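> Here you go, this is my_file-v8.cif (mmCIF, C-alpha atoms).
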```
data_work
#
loop_
_atom_site.label_atom_id
_atom_site.label_comp_id
_atom_site.auth_asym_id
_atom_site.auth_seq_id
_atom_site.Cartn_x
_atom_site.Cartn_y
_atom_site.Cartn_z
CA LYS A 96 15.99 0.74 -5.10
CA ALA A 97 13.79 0.60 -2.07
CA GLY A 98 10.08 0.70 -2.75
CA VAL A 99 7.45 3.06 -1.44
CA THR A 100 7.23 2.89 2.33
CA GLN A 101 4.30 3.88 4.49
CA THR A 102 4.16 4.32 8.22
CA PRO A 103 2.53 3.23 10.36
CA ARG A 104 1.15 0.05 8.82
CA TYR A 105 -1.74 -0.22 11.25
CA LEU A 106 -3.49 2.37 13.34
CA ILE A 107 -6.46 2.40 15.69
CA LYS A 108 -8.09 5.70 16.58
CA THR A 109 -11.35 6.83 18.11
CA ARG A 110 -13.95 9.15 16.63
CA GLY A 111 -13.03 12.81 16.84
CA GLN A 112 -9.29 12.24 16.97
CA GLN A 113 -6.92 13.22 14.22
CA VAL A 114 -4.32 11.09 12.45
CA THR A 115 -1.22 11.65 10.35
CA LEU A 116 0.04 9.08 7.86
CA SER A 117 3.44 9.17 6.25
CA CYS A 118 4.70 8.10 2.84
CA SER A 119 8.29 7.92 1.58
CA PRO A 120 8.44 7.62 -2.22
CA ILE A 121 10.96 5.76 -4.29
CA SER A 122 14.23 7.68 -4.40
CA GLY A 123 14.14 10.26 -7.19
CA HIS A 124 10.35 10.25 -7.51
CA ARG A 125 8.77 13.67 -7.15
CA SER A 126 5.09 12.78 -7.49
CA VAL A 127 3.15 11.30 -4.60
CA SER A 128 -0.53 10.43 -4.73
CA TRP A 129 -2.85 9.17 -2.02
CA TYR A 130 -5.82 6.83 -2.35
CA GLN A 131 -8.45 5.53 0.03
CA GLN A 132 -9.63 1.95 -0.33
CA THR A 133 -12.82 0.73 1.33
CA PRO A 134 -15.06 -2.29 0.62
CA GLY A 135 -17.99 -0.02 -0.16
CA GLN A 136 -16.41 2.75 -2.24
CA GLY A 137 -13.42 0.93 -3.69
CA LEU A 138 -10.28 2.85 -4.57
CA GLN A 139 -10.75 6.59 -4.54
CA PHE A 140 -8.20 9.29 -5.33
CA LEU A 141 -7.49 11.73 -2.52
CA PHE A 142 -4.78 14.06 -3.81
CA GLU A 143 -1.54 14.30 -5.76
CA TYR A 144 1.56 16.29 -4.85
CA PHE A 145 4.43 17.17 -7.12
CA SER A 146 7.40 19.28 -6.08
CA GLU A 147 5.68 20.24 -2.84
CA THR A 148 2.54 21.54 -4.60
CA GLN A 149 -0.88 19.94 -4.63
CA ARG A 150 -1.66 19.28 -8.30
CA ASN A 151 -4.89 17.33 -8.11
CA LYS A 152 -7.55 16.83 -5.49
CA GLY A 153 -10.29 14.26 -5.20
CA ASN A 154 -13.79 14.70 -3.88
CA PHE A 155 -13.14 14.44 -0.17
CA PRO A 156 -14.09 16.83 2.64
CA GLY A 157 -11.65 19.39 3.99
CA ARG A 158 -10.90 17.13 6.94
CA PHE A 159 -8.53 15.35 4.60
CA SER A 160 -5.36 17.28 3.91
CA GLY A 161 -1.84 16.59 2.85
CA ARG A 162 1.54 18.05 2.22
CA GLN A 163 4.81 17.20 0.59
CA PHE A 164 8.25 18.07 1.82
CA SER A 165 11.33 19.12 -0.12
CA ASN A 166 12.66 15.53 -0.01
CA SER A 167 9.38 14.39 -1.66
CA ARG A 168 8.16 12.60 1.46
CA SER A 169 4.47 13.19 1.97
CA GLU A 170 2.04 13.17 4.84
CA MET A 171 -1.70 13.11 4.90
CA ASN A 172 -3.79 14.21 7.82
CA VAL A 173 -7.36 13.42 8.71
CA SER A 174 -8.92 15.55 11.39
CA THR A 175 -12.06 14.84 13.42
CA LEU A 176 -12.12 11.18 12.47
CA GLU A 177 -15.41 9.51 11.62
CA LEU A 178 -16.23 5.80 11.61
CA GLY A 179 -16.44 5.94 7.81
CA ASP A 180 -12.78 6.95 7.60
CA SER A 181 -11.81 3.38 8.44
CA ALA A 182 -9.96 2.26 5.34
CA LEU A 183 -6.70 1.23 3.76
CA TYR A 184 -4.81 4.35 2.75
CA LEU A 185 -2.43 3.80 -0.13
CA CYS A 186 0.36 6.03 -1.28
CA ALA A 187 1.84 5.86 -4.77
CA SER A 188 4.90 7.52 -6.25
CA SER A 189 6.08 8.20 -9.78
CA SER A 190 8.97 10.02 -11.36
CA SER A 191 6.84 12.59 -13.17
CA ARG A 192 3.24 13.36 -13.97
CA GLY A 193 2.85 12.78 -17.69
CA GLY A 194 -0.41 10.85 -17.45
CA GLY A 195 0.93 7.52 -18.57
CA GLU A 196 3.48 7.33 -15.81
CA THR A 197 3.72 4.14 -13.83
CA GLN A 198 2.73 4.66 -10.24
CA TYR A 199 4.33 2.45 -7.64
CA PHE A 200 2.22 1.73 -4.59
CA GLY A 201 3.23 1.24 -1.01
CA PRO A 202 1.77 -1.48 1.23
CA GLY A 203 -0.73 0.93 2.77
CA THR A 204 -1.74 2.07 6.22
CA ARG A 205 -4.79 0.35 7.60
CA LEU A 206 -6.78 2.76 9.76
CA LEU A 207 -9.52 1.59 12.06
CA VAL A 208 -11.72 4.23 13.68
CA LEU A 209 -13.69 3.10 16.73
CA ALA B 130 -14.49 12.71 -17.10
CA GLN B 131 -13.12 9.23 -17.29
CA SER B 132 -14.38 5.99 -15.88
CA VAL B 133 -13.79 2.28 -16.09
CA THR B 134 -16.24 -0.57 -15.70
CA GLN B 135 -15.14 -4.03 -14.69
CA LEU B 136 -17.72 -6.68 -15.49
CA GLY B 137 -17.84 -9.44 -12.93
CA SER B 138 -16.83 -8.74 -9.36
CA HIS B 139 -15.89 -12.42 -8.94
CA VAL B 140 -14.42 -14.74 -11.54
CA SER B 141 -13.57 -18.37 -10.90
CA VAL B 142 -11.38 -20.50 -13.20
CA SER B 143 -9.71 -23.87 -12.99
CA GLU B 144 -5.95 -24.09 -12.80
CA GLY B 145 -4.60 -24.22 -16.34
CA ALA B 146 -7.68 -22.56 -17.85
CA LEU B 147 -7.83 -19.24 -19.67
CA VAL B 148 -8.19 -16.14 -17.53
CA LEU B 149 -10.29 -13.31 -18.97
CA LEU B 150 -11.01 -10.22 -16.88
CA ARG B 151 -13.08 -7.54 -18.56
CA CYS B 152 -12.56 -3.79 -18.49
CA ASN B 153 -14.38 -1.13 -20.48
CA TYR B 154 -13.42 2.51 -20.30
CA SER B 155 -15.02 5.83 -20.98
CA SER B 156 -12.86 8.82 -21.85
CA SER B 157 -13.35 11.92 -23.98
CA VAL B 158 -9.63 12.01 -24.82
CA PRO B 159 -7.17 9.23 -25.57
CA PRO B 160 -6.71 7.31 -22.36
CA TYR B 161 -3.84 5.66 -20.61
CA LEU B 162 -4.98 2.31 -19.21
CA PHE B 163 -3.53 0.16 -16.47
CA TRP B 164 -4.10 -3.19 -14.83
CA TYR B 165 -3.02 -3.60 -11.23
CA VAL B 166 -3.11 -6.67 -8.98
CA GLN B 167 -3.59 -6.67 -5.23
CA TYR B 168 -2.77 -9.62 -3.00
CA PRO B 169 -4.27 -9.79 0.49
CA ASN B 170 -2.91 -7.18 2.90
CA GLN B 171 -0.67 -5.68 0.25
CA GLY B 172 -0.57 -2.63 -1.98
CA LEU B 173 -1.13 -2.60 -5.72
CA GLN B 174 1.34 -4.00 -8.21
CA LEU B 175 1.35 -2.94 -11.85
CA LEU B 176 0.73 -5.79 -14.29
CA LEU B 177 0.79 -3.78 -17.50
CA LYS B 178 -0.16 -0.46 -19.05
CA TYR B 179 -1.29 0.97 -22.39
CA THR B 180 0.19 4.31 -23.39
CA SER B 181 -0.72 4.42 -27.12
CA ALA B 182 2.34 2.58 -28.42
CA ALA B 183 1.25 -1.00 -29.19
CA THR B 184 -2.38 -2.07 -28.81
CA LEU B 185 -1.37 -5.50 -27.52
CA VAL B 186 0.44 -5.05 -24.26
CA LYS B 187 2.38 -7.77 -22.51
CA GLY B 188 2.89 -7.60 -18.79
CA ILE B 189 4.35 -9.54 -15.95
CA ASN B 190 3.46 -13.10 -14.91
CA GLY B 191 2.22 -14.03 -18.39
CA PHE B 192 -0.63 -11.51 -18.51
CA GLU B 193 -1.48 -9.43 -21.55
CA ALA B 194 -4.19 -7.00 -22.59
CA GLU B 195 -5.42 -5.62 -25.89
CA PHE B 196 -6.59 -2.04 -26.34
CA LYS B 197 -9.63 -1.96 -28.64
CA LYS B 198 -10.73 1.58 -29.33
CA SER B 199 -13.83 0.52 -31.29
CA GLU B 200 -15.05 -1.48 -28.31
CA THR B 201 -13.62 0.87 -25.64
CA SER B 202 -12.18 -2.20 -23.99
CA PHE B 203 -8.94 -3.26 -22.37
CA HIS B 204 -9.54 -6.85 -21.26
CA LEU B 205 -6.85 -8.74 -19.34
CA THR B 206 -6.00 -12.30 -20.33
CA LYS B 207 -3.66 -15.11 -19.36
CA PRO B 208 -3.59 -18.37 -21.31
CA SER B 209 -3.15 -20.67 -18.32
CA ALA B 210 -4.16 -19.79 -14.76
CA HIS B 211 -1.95 -20.67 -11.83
CA MET B 212 -2.95 -20.92 -8.20
CA SER B 213 -0.71 -17.96 -7.44
CA ASP B 214 -2.87 -15.76 -9.71
CA ALA B 215 -5.65 -15.72 -7.11
CA ALA B 216 -5.93 -12.05 -6.15
CA GLU B 217 -7.97 -8.93 -6.85
CA TYR B 218 -7.43 -7.17 -10.15
CA PHE B 219 -8.10 -3.51 -10.86
CA CYS B 220 -8.38 -1.71 -14.16
CA ALA B 221 -7.57 2.02 -14.05
CA VAL B 222 -7.45 5.01 -16.38
CA THR B 223 -5.71 8.37 -16.58
CA ARG B 224 -5.52 10.82 -19.43
CA THR B 225 -3.17 13.32 -21.00
CA GLY B 226 -3.13 16.43 -18.86
CA GLY B 227 -4.72 14.59 -15.98
CA GLY B 228 -1.54 14.17 -14.04
CA ASN B 229 -1.29 10.99 -12.06
CA LYS B 230 -4.90 10.77 -10.92
CA LEU B 231 -5.94 7.17 -11.44
CA THR B 232 -9.62 6.35 -11.73
CA PHE B 233 -10.14 2.72 -10.76
CA GLY B 234 -12.76 0.16 -11.57
CA THR B 235 -14.48 -1.72 -8.78
CA GLY B 236 -12.14 -4.68 -9.05
CA THR B 237 -12.48 -8.35 -9.95
CA GLN B 238 -11.65 -11.06 -7.43
CA LEU B 239 -10.06 -13.98 -9.25
CA LYS B 240 -10.36 -17.43 -7.71
CA VAL B 241 -8.31 -20.30 -9.11
CA GLU B 242 -9.50 -23.80 -8.33
CA LEU B 243 -7.71 -27.13 -8.62
#
```
I'd like the structure from this file rewritten - as structure tokens, please.


Amino acid sequence: KAGVTQTPRYLIKTRGQQVTLSCSPISGHRSVSWYQQTPGQGLQFLFEYFSETQRNKGNFPGRFSGRQFSNSRSEMNVSTLELGDSALYLCASSSSRGGGETQYFGPGTRLLVL
Amino acid sequence: AQSVTQLGSHVSVSEGALVLLRCNYSSSVPPYLFWYVQYPNQGLQLLLKYTSAATLVKGINGFEAEFKKSETSFHLTKPSAHMSDAAEYFCAVTRTGGGNKLTFGTGTQLKVEL
């Protein structure tokens, strides 16, 4: 099976712009979660989607949003970009959401905000 | 709320020496615990996980971890380090009913020297 794919891999934006990142989960996986990784804050949970519904949300401002489509592909959007949004954004997929489920991570999208 | 603490942001070992990476958790309910590894410019790869079956968990690449409830610990070990083990290691926790939200530790950078 193909792994989790994320597009684009690298992105440069300027402050105030918006950005959309895409994640395609492993075939058959219905849960997709997003994480932000920065040197200062480490790995932080953004949100989790399962069967097109947001099931969990982290402590991020409303500028960060996401959605999941019927084929389980997910997108996250960041509006009005700030310099502090520069980070590696990781997507993870799993087959269900039982707590002990293995989550498989994609390679990430590295976002640089200038 | 759950949390994990990784003692030692940087650990250096000689090739062939024992690797010990420390992780302590805090959880009000029985936790699920994970160790992930991240190589430069890549996503996270699961090494092993504890889901309340066996307390000694064996993972990939010769790594293992022991769940000790009395010490609230889940330390990662490998008997003999290899140069290819140089990477960043993350301990993470979820809980029953918590969905797939992973709470990560701050990570430990492992350096392997000749």

> Return the neighbours of chain A among the residues of chain B, cut-off 8 Å, counting only C-alpha atoms, as an mmCIF file with C-alpha atoms, keeping the file's coordinate frame.


```
data_model
loop_
_atom_site.group_PDB
_atom_site.id
_atom_site.type_symbol
_atom_site.label_atom_id
_atom_site.label_comp_id
_atom_site.auth_asym_id
_atom_site.auth_seq_id
_atom_site.Cartn_x
_atom_site.Cartn_y
_atom_site.Cartn_z
ATOM 1 C CA TYR B 161 -3.840 5.660 -20.610
ATOM 2 C CA LEU B 162 -4.980 2.310 -19.210
ATOM 3 C CA ASN B 170 -2.910 -7.180 2.900
ATOM 4 C CA GLN B 171 -0.670 -5.680 0.250
ATOM 5 C CA GLY B 172 -0.570 -2.630 -1.980
ATOM 6 C CA LEU B 173 -1.130 -2.600 -5.720
ATOM 7 C CA GLN B 174 1.340 -4.000 -8.210
ATOM 8 C CA LEU B 175 1.350 -2.940 -11.850
ATOM 9 C CA LYS B 178 -0.160 -0.460 -19.050
ATOM 10 C CA TYR B 179 -1.290 0.970 -22.390
ATOM 11 C CA THR B 180 0.190 4.310 -23.390
ATOM 12 C CA THR B 223 -5.710 8.370 -16.580
ATOM 13 C CA ARG B 224 -5.520 10.820 -19.430
ATOM 14 C CA THR B 225 -3.170 13.320 -21.000
ATOM 15 C CA GLY B 226 -3.130 16.430 -18.860
ATOM 16 C CA GLY B 227 -4.720 14.590 -15.980
ATOM 17 C CA GLY B 228 -1.540 14.170 -14.040
ATOM 18 C CA ASN B 229 -1.290 10.990 -12.060
ATOM 19 C CA LYS B 230 -4.900 10.770 -10.920
ATOM 20 C CA LEU B 231 -5.940 7.170 -11.440
ATOM 21 C CA THR B 232 -9.620 6.350 -11.730
ATOM 22 C CA PHE B 233 -10.140 2.720 -10.760
ATOM 23 C CA GLY B 234 -12.760 0.160 -11.570
ATOM 24 C CA THR B 235 -14.480 -1.720 -8.780
ATOM 25 C CA GLY B 236 -12.140 -4.680 -9.050
#
```

> Report the residues retrieved by the PyMOL selection byres ((chain A and resi 158-165) around 8) from the displayed file, expressed as a PyMOL selection string.

chain A and resi 142+144-149+155-157+166-175

> Could you pull out every residue with an atom within 8 Å of (-17.2, -6.8, -11.9), file coordinates, counting only C-alpha atoms, and send them as a list in words?

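Protein and nucleic acid residues near the point are Thr134, Gln135, Leu136, Gly137, Ser138, His139, Arg151, Thr235, Gly236 and Thr237 of chain B.
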
> Using the chain letters and numbers from the file, give me the residues hit by the PyMOL selection byres ((chain B and resi 212) around 12), as a count of residues only.

19

> Suppose you want the space between CA of His204 (chain B) and CA of Tyr168 (chain B); what is it in Å?

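Distance between the two atoms: 19.7 Å.
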
> Could you pull the residues within 8 Å of Leu207 (chain A), counting only C-alpha atoms, minus those fewer than 4 positions along the same chain, as a PyMOL selection string?

chain A and resi 106-108+178+180-182

> Rounded to one decimal, what separation in Å do you get between CA of Val186 (chain B) and CA of Ser156 (chain B)?

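Pair CA of Val186 (chain B) / CA of Ser156 (chain B) returns 19.4 Å.
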
> Between A:Glu177, A:Asn154, A:Leu206, A:Ile121, which is the closest to Thr102 (chain A) once you count only C-alpha atoms?

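Using only C-alpha atoms, the shortest distance to Thr102 (chain A) belongs to A:Leu206.
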
> What's the separation between CA of Lys207 (chain B) and CA of Glu195 (chain B), in Å to one decimal place?

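These atoms are spaced 11.7 Å apart.
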